[in-house]
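Please read the structure below before turning to the comments.
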Amino acid sequence: MKISDNTIGILRNFSDINANILFKPGKTLSTMSTMKNIMAQADVEEEFESEFGVYDLPEFLRAIDSFQQPVLKFNGTANLKIQDEKSTLSARYAFADKSTLRYPSKQISMPDKTVTFSLKNSDYESVKKLYTNLSLPDIAIKGENGKIKLVALDKKNSNSNESSVVVGETDLEFTAYIKAENMKIIPGEYDVALSKAKIAHFKNKKVHVQYWIALEAVSYTHLTLP
């Protein structure tokens, strides 16, 4: 079995969310942060034949990177062999016990989609650059004066540095906060939905990957329905 560059890229992103992962039979990969405030799911082109656990996903990816053209060969439920098509190089990689892993047991379904908008990659990256450079810990999605804004700020300091960009229109007045450190989405264009249950859903428009990120407890304190 070969793994595509696209799938490797998704696994690298997932390793930022959680260092371990449980692969399940089929073409769907999922992960969940140890704090259970981020969940991600992706549909990939490869079909995994059996369930197996990897405790250290970054290490597993580094092992794969050591081969020019890696091929995975499964050895039951104990381990797999990584073989290089270009040489005689091979490695055995042992699976982790399922009980040592943190993984999602079910998929999240959005209870409501009170706010929806499209997020351009350029808009998010411009705000991301500023919240990184200005060390701002929070991202706010604000509905005010008919506009939806993506704002980087420090919600605990009303006089903090701030950066914002308009990303849509709305009839609602609201503020939803996400910790900047939880925005572990891959670059791209997204359909975004916010729920009153304090969940933000980011669905990539081109890659079959989506994220559910918890909103902070103070979110939606000013929500008014139309």
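Ligands are numbered from 1 in the order shown, chains are lettered A, B, ... in the order of the structure tokens, and residues start at 1 in each chain.
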**Report entry** Spatial neighbours of Phe202 in chain A, 6 Å, only C-alpha atoms, chain gap at least 3 places, as a count of residues only
**Finding:** 5
Requested in this report: Fewer than 4 positions away in the same chain doesn't count, so skip those; otherwise give me all residues within 8 Å of range 91-100 of chain A, counting only C-alpha atoms, as a ChimeraX atom specification.
Outcome: /A:22,52-55,60,77-83
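Straight-line separation from CA of Asn133 in chain A to CA of Ala19 in chain A: 25.9 Å.
Take CA of Ile10 in chain A and CA of His208 in chain A: the distance between them is 9.8 Å.
Comparing A:Glu51, A:Lys206, A:Gln68, A:Ile8 by their smallest distance to Gly26 in chain A, the closest is A:Glu51 (using only C-alpha atoms).
Among the candidates A:Ile38, A:Met1, A:Leu136, A:Val151, the one nearest to Phe14 in chain A when counting only C-alpha atoms is A:Ile38.
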